[in-house]
Structure formats: C-alpha cells, structure tokens
>>> print(open('target_31.txt').read())   # compact mmCIF, C-alpha atoms
# COMPACT_ATOMS: atom_id res chain seq x y z
CA MET A 456 -12.77 18.86 10.60
CA PRO A 457 -10.37 18.59 7.63
CA CYS A 458 -7.81 15.88 8.17
CA SER A 459 -5.29 16.68 5.44
CA ALA A 460 -2.96 19.59 4.87
CA PRO A 461 -2.82 21.16 1.41
CA CYS A 462 0.31 20.74 -0.66
CA HIS A 463 2.16 24.02 -1.11
CA GLY A 464 2.47 24.87 -4.78
CA GLY A 465 -0.20 22.44 -5.93
CA SER A 466 0.00 18.77 -6.75
CA SER A 467 -1.83 15.89 -8.33
CA ALA A 468 -3.31 13.57 -5.74
CA ALA A 469 -3.95 10.82 -8.26
CA LEU A 470 -3.27 7.97 -5.87
CA LEU A 471 -5.11 9.35 -2.84
CA PRO A 472 -8.60 8.25 -1.81
CA SER A 473 -11.14 10.86 -2.89
CA PHE A 474 -11.82 12.08 0.65
CA HIS A 475 -8.24 13.35 1.01
CA PRO A 476 -8.50 15.90 -1.82
CA GLU A 477 -12.03 16.77 -0.70
CA ARG A 478 -10.89 17.54 2.84
CA THR A 479 -7.94 19.49 1.47
CA CYS A 480 -10.24 21.56 -0.72
CA THR A 481 -12.38 22.29 2.34
CA LEU A 482 -9.32 23.42 4.28
CA ALA A 483 -8.19 25.59 1.38
CA LEU A 484 -11.42 27.58 1.68
CA CYS A 485 -11.06 28.12 5.43
CA PRO A 486 -8.90 31.30 5.57
CA SER A 487 -10.54 34.63 6.36
CA ARG A 488 -13.20 35.83 3.96
CA ASN A 489 -11.14 39.00 3.64
CA VAL A 490 -8.61 37.03 1.61
CA THR A 491 -9.30 37.32 -2.10
CA PRO A 492 -9.98 34.09 -3.99
CA ALA A 493 -6.90 34.64 -6.15
CA LEU A 494 -4.63 35.06 -3.11
CA ARG A 495 -6.27 32.14 -1.35
CA SER A 496 -5.72 29.98 -4.41
CA ALA A 497 -2.05 31.00 -4.54
CA ILE A 498 -1.51 30.03 -0.91
CA PHE A 499 -3.71 26.95 -0.73
CA PRO A 500 -4.08 25.65 -4.29
CA SER A 501 -6.84 23.08 -4.48
CA PRO A 502 -5.56 19.63 -5.44
CA PHE A 503 -7.10 17.47 -8.12
CA HIS A 504 -7.21 13.72 -8.34
CA THR A 505 -7.92 11.00 -10.83
CA PRO A 506 -10.22 8.33 -9.35
CA LEU A 507 -8.71 4.88 -9.61
CA PRO A 508 -10.39 1.54 -8.96
CA PRO A 509 -9.34 -0.05 -5.65
CA PRO A 510 -6.58 -2.66 -6.03
CA PRO A 511 -7.69 -6.26 -5.65
CA SER A 512 -7.13 -7.86 -2.26
CA PRO A 513 -4.88 -10.93 -2.22
CA PRO A 514 -6.81 -14.17 -1.69
CA ALA A 515 -6.49 -15.96 1.64
CA PRO A 516 -4.69 -19.32 1.43
CA GLN A 517 -6.91 -20.95 4.06
CA ASP A 518 -10.31 -19.95 2.70
CA GLY A 519 -11.36 -19.92 -0.92
CA THR A 520 -14.00 -17.26 -0.30
CA SER A 521 -11.93 -14.80 1.77
CA LYS A 522 -9.11 -12.34 1.24
CA MET A 523 -5.89 -12.01 3.19
CA SER A 524 -6.24 -9.74 6.19
CA LYS A 525 -3.58 -8.59 8.62
CA SER A 526 -6.29 -8.11 11.26
CA ASP A 527 -7.26 -11.78 11.22
CA GLU A 528 -6.23 -13.42 14.50
CA ASN A 529 -5.29 -16.58 12.61
CA ASP A 530 -1.75 -16.01 11.33
CA THR A 531 -2.05 -18.90 8.86
CA SER A 532 -4.77 -16.95 7.02
CA ARG A 533 -2.15 -14.78 5.34
CA ILE A 534 1.42 -14.62 4.11
CA ASN A 535 3.30 -11.91 5.99
CA LEU A 536 5.99 -9.94 4.22
CA LEU A 537 8.56 -11.01 6.80
CA ASP A 538 7.59 -14.67 7.07
CA THR A 539 10.62 -16.95 6.84
CA PRO A 540 10.86 -19.44 3.97
CA ASP A 541 10.02 -22.24 6.40
CA GLU A 542 6.95 -20.39 7.67
CA ILE A 543 5.78 -19.73 4.12
CA ARG A 544 6.20 -23.35 3.09
CA ARG A 545 4.40 -24.55 6.21
CA LYS A 546 1.46 -22.21 5.55
CA ILE A 547 1.20 -23.22 1.91
CA LYS A 548 1.42 -26.88 2.81
CA ARG A 549 -1.58 -26.40 5.12
CA CYS A 550 -3.61 -24.46 2.56
CA LYS A 551 -7.18 -25.59 2.12
CA THR A 552 -7.74 -27.52 -1.12
CA ASP A 553 -10.49 -29.63 -2.66
CA SER A 554 -10.81 -33.29 -3.60
CA VAL A 555 -11.13 -32.71 -7.34
CA LYS A 556 -8.44 -34.44 -9.37
CA GLY A 557 -5.86 -32.08 -10.87
CA VAL A 558 -5.30 -28.36 -10.40
CA GLY A 559 -7.07 -25.80 -12.53
CA TYR A 560 -9.40 -22.84 -12.67
CA HIS A 561 -13.11 -23.47 -12.27
CA PRO A 562 -16.02 -21.40 -10.91
CA ASP A 563 -16.86 -24.19 -8.47
CA ARG A 564 -13.28 -24.48 -7.14
CA PRO A 565 -12.66 -21.35 -5.02
CA GLU A 566 -9.63 -22.85 -3.25
CA ALA A 567 -7.94 -23.70 -6.53
CA ASN A 568 -8.78 -20.30 -7.99
CA ASN A 569 -7.33 -18.54 -4.95
CA LEU A 570 -4.03 -20.40 -4.89
CA LEU A 571 -3.61 -20.11 -8.64
CA ALA A 572 -4.25 -16.34 -8.36
CA ILE A 573 -1.47 -16.10 -5.79
CA TYR A 574 0.80 -18.05 -8.13
CA GLU A 575 -0.04 -15.64 -10.96
CA ALA A 576 0.90 -12.64 -8.81
CA MET A 577 4.13 -14.17 -7.54
CA THR A 578 5.40 -15.31 -10.93
CA GLY A 579 4.06 -12.48 -13.08
CA ARG A 580 2.44 -14.96 -15.43
CA THR A 581 -0.94 -14.53 -17.02
CA LYS A 582 -3.96 -16.63 -16.14
CA GLU A 583 -3.67 -18.40 -19.47
CA GLU A 584 -0.01 -19.22 -18.90
CA VAL A 585 -0.71 -20.57 -15.43
CA ALA A 586 -3.62 -22.65 -16.73
CA ALA A 587 -1.38 -24.22 -19.38
CA GLU A 588 1.27 -25.00 -16.76
CA ALA A 589 -1.31 -26.39 -14.35
CA ALA A 590 -2.46 -28.89 -16.95
CA GLU A 591 0.89 -30.66 -16.52
CA TRP A 592 0.74 -30.88 -12.74
CA ILE A 593 -0.20 -34.19 -11.19
CA GLY A 594 -2.04 -32.54 -8.31
CA TRP A 595 -1.72 -30.39 -5.22
CA GLY A 596 1.41 -32.22 -4.15
CA THR A 597 3.13 -30.90 -7.26
CA PHE A 598 1.68 -27.42 -7.15
CA LYS A 599 2.10 -26.41 -3.50
CA PRO A 600 5.93 -26.60 -3.45
CA LEU A 601 6.02 -24.56 -6.66
CA LEU A 602 3.73 -21.96 -5.10
CA ALA A 603 5.78 -21.78 -1.91
CA ASP A 604 9.02 -21.38 -3.87
CA ALA A 605 7.46 -18.61 -5.95
CA ILE A 606 6.36 -16.70 -2.85
CA VAL A 607 9.75 -17.11 -1.18
CA ALA A 608 11.55 -15.86 -4.30
CA HIS A 609 9.17 -12.93 -4.70
CA LEU A 610 9.59 -11.76 -1.10
CA GLU A 611 13.33 -12.36 -0.87
CA PRO A 612 14.49 -8.93 -2.17
CA VAL A 613 11.89 -7.15 -0.01
CA GLN A 614 13.02 -8.99 3.11
CA LYS A 615 16.67 -8.47 2.27
CA ARG A 616 16.21 -4.72 1.96
CA TYR A 617 14.14 -4.59 5.14
CA HIS A 618 16.82 -6.31 7.18
CA GLU A 619 19.51 -4.07 5.67
CA LEU A 620 17.62 -0.97 6.78
CA ALA A 621 16.67 -2.43 10.16
CA ALA A 622 20.36 -3.00 10.85
CA GLU A 623 21.05 0.75 10.47
CA PRO A 624 18.89 2.53 13.07
CA GLU A 625 21.08 5.64 12.96
CA TYR A 626 20.54 5.97 9.22
CA LEU A 627 16.77 5.53 9.62
CA ALA A 628 16.72 8.18 12.35
CA GLN A 629 18.64 10.54 10.05
CA VAL A 630 16.16 9.99 7.22
CA LEU A 631 13.27 10.72 9.58
CA ARG A 632 14.95 13.89 10.84
CA GLU A 633 15.66 15.13 7.32
CA GLY A 634 12.13 14.37 6.21
CA ALA A 635 10.64 16.12 9.23
CA GLY A 636 12.88 19.13 8.63
CA ALA A 637 11.92 19.39 4.97
CA ALA A 638 8.22 19.08 5.79
CA ASP A 639 8.49 21.67 8.55
CA GLU A 640 10.20 24.13 6.19
CA VAL A 641 7.41 23.86 3.62
CA ALA A 642 4.65 23.97 6.25
CA SER A 643 6.19 26.98 8.00
CA ARG A 644 6.49 28.88 4.73
CA THR A 645 2.87 28.16 3.82
CA LEU A 646 1.65 29.06 7.30
CA GLY A 647 3.54 32.36 7.17
CA GLU A 648 2.02 33.24 3.81
CA ALA A 649 -1.45 32.37 5.10
CA LYS A 650 -1.03 34.57 8.18
CA ARG A 651 0.22 37.50 6.12
CA ALA A 652 -2.72 37.12 3.73
CA MET A 653 -5.07 37.28 6.73
CA GLY A 654 -3.47 40.48 7.98
CA PHE A 655 -1.03 39.20 10.60
CA THR A 656 2.42 40.74 10.91
CA MET A 657 5.14 38.10 11.05
CA PRO A 658 8.54 38.49 12.78
CA GLY A 659 10.80 40.51 10.50
CA ASP A 660 7.92 42.10 8.56
CA ILE A 661 7.49 45.85 8.32
CA PRO A 662 4.16 46.71 9.98
CA LYS A 663 1.53 48.12 7.66
CA PHE A 664 -0.83 50.80 9.01
>>> encode(input="target_31.txt", output="structure tokens")
Amino acid sequence: MPCSAPCHGGSSAALLPSFHPERTCTLALCPSRNVTPALRSAIFPSPFHTPLPPPPSPPAPQDGTSKMSKSDENDTSRINLLDTPDEIRRKIKRCKTDSVKGVGYHPDRPEANNLLAIYEAMTGRTKEEVAAEAAEWIGWGTFKPLLADAIVAHLEPVQKRYHELAAEPEYLAQVLREGAGAADEVASRTLGEAKRAMGFTMPGDIPKF
C-alpha cells in the first residue's frame, strides 16, 4: 500500500528517502487504466530524487563506540536539544574518557575521538584545527568545560526560539490551521482532477453523455 501522496504539479524529492518517491510513483500509476498516460502524468506527475548519503549520527558522550540515540533509556547517553546548561555540563563532566595523557585523535582512543567530534560540530572547526587546539590542553579537565560551553552556546538560539514559540500556543494553532487549509486545498484540487479523469462527474460539472 503506497504511503505517500504525490505532489501536485511535480517536485524534486531530493531530500526524501528513496522509498518515498518509489511509493509515490506506484500511487501515480494507480488510477483507472482508461486514463491515458499523458493525462495520468499531468494529474499525478512522478517525482524524482537525488540519492544522498545518510548524515552521520552524533557520537554518544558515554560510549566511544556508540552513537547518540533518543530511544536509549539512559538520558546521559545523549545531549537533548532542550537540556539546560547545567544538565549539559553535568553530562559532559560525566563523559567516559581514557587514562592516556593529553587529549587528541587516535584510532585506539574512541572516547577521545567521539568527544572531539562533538567539539568539531559545535564549534564549526575542522579536525585539523581542533587537533592543533587540543595539543595545548593539559587534559580532560581543560577540555570538558570547553566542550560543555560550546554545546551550550550552539543550542542557545535553538532553545530560545523554541521557548518563544511554545509561549504562543494561539500562534502555533493558527499556523497549523493555515497549513492544513493549504494542504487540503491542493489535495482537493488534485482529487477532483483525478476523479474527472476517471469519468466521475463532480459537483458543478456539466454531465457528459
């Protein structure tokens, strides 16, 4: 059973997983066989997509061999978008580390690699830039506060905007209503065109005999 509705007028589904366009293409071929391919294509244009590699998963702070997961029962295994600065600092302080002197990248240091990767993402610096900075750190005691501060600063504008929107439930409800209305208008128009193409007479149409 197709699980996606086709986009009226055609669109590029470049960011969708491949099964979404595939299901949409299947649905586009569903109308009556009496509908000509040209008319079917005009009503349900098949989408196209550009396959993209999956984005990397953020490393888990508590395990050098795992990735962050919101389904993990252990809340300290991840940094949540709405974690308070104190919660973030507490989680980073408890991050698993190793006993090797200094902080730096190394194939045999998964914990260090993970935390440095998070630092890269939060600061926007390259691996080479972080490695050069890490060479000046005395150890984990120097690095962890820097990492926590970077995460807090990175999430601050996201959290600020979230709380601004959460404080305006009427505005959010209005946005949802407008979005639902716009989607319904497009869907209704497409459904009407599909029914007419299959021989149905819609309200207001002049019957054809």
>>> closest_residue(input="target_31.txt", among="A:Ile606, A:Val555, A:Ile593, A:Val630", to="A:Ile573", atoms="all atoms listed in the file")
A:Ile606
>>> closest_residue(input="target_31.txt", among="A:Thr539, A:Ala572, A:Arg533, A:Ala497", to="A:Lys615", atoms="only C-alpha atoms")
A:Thr539
>>> atom_distance(input="target_31.txt", atom1="atom CA of A:Ile498", atom2="atom CA of A:Asp660")
18.0 Å
>>> atom_distance(input="target_31.txt", atom1="atom CA of A:Val558", atom2="atom CA of A:Met577")
17.3 Å
>>> atom_distance(input="target_31.txt", atom1="atom CA of A:Met657", atom2="atom CA of A:Thr645")
12.5 Å
>>> closest_residue(input="target_31.txt", among="A:Ala621, A:Ala589, A:Ser521, A:Lys599", to="A:Thr552", atoms="only C-alpha atoms")
A:Lys599
>>> closest_residue(input="target_31.txt", among="A:Ala638, A:Ala628, A:Ala603, A:Ala622", to="A:Ile543", atoms="only C-alpha atoms")
A:Ala603
>>> residues_around(input="target_31.txt", residues="A:Tyr560", least_positions_apart="5", cutoff="10 Å", atoms="all atoms listed in the file", output="list in words")
Pro565, Glu566, Ala567, Asn568, Asn569, Leu570, Leu571, Ala572, Lys582, Glu583, Val585, Ala586 and Ala589 of chain A
>>> closest_residue(input="target_31.txt", among="A:Tyr626, A:Lys548, A:Phe655, A:Pro500", to="A:Gly596", atoms="all atoms listed in the file")
A:Lys548
>>> axis_aligned_box(input="target_31.txt", around="stretch 617-632 of chain A", padding_each_side="4 Å", output="lines of an AutoDock Vina configuration file")
center_x = 17.2
center_y = 3.8
center_z = 9.1
size_x = 15.8
size_y = 28.2
size_z = 15.9
>>> closest_residue(input="target_31.txt", among="A:Thr581, A:His609, A:Lys546, A:Ala576", to="A:Asn529", atoms="only C-alpha atoms")
A:Lys546
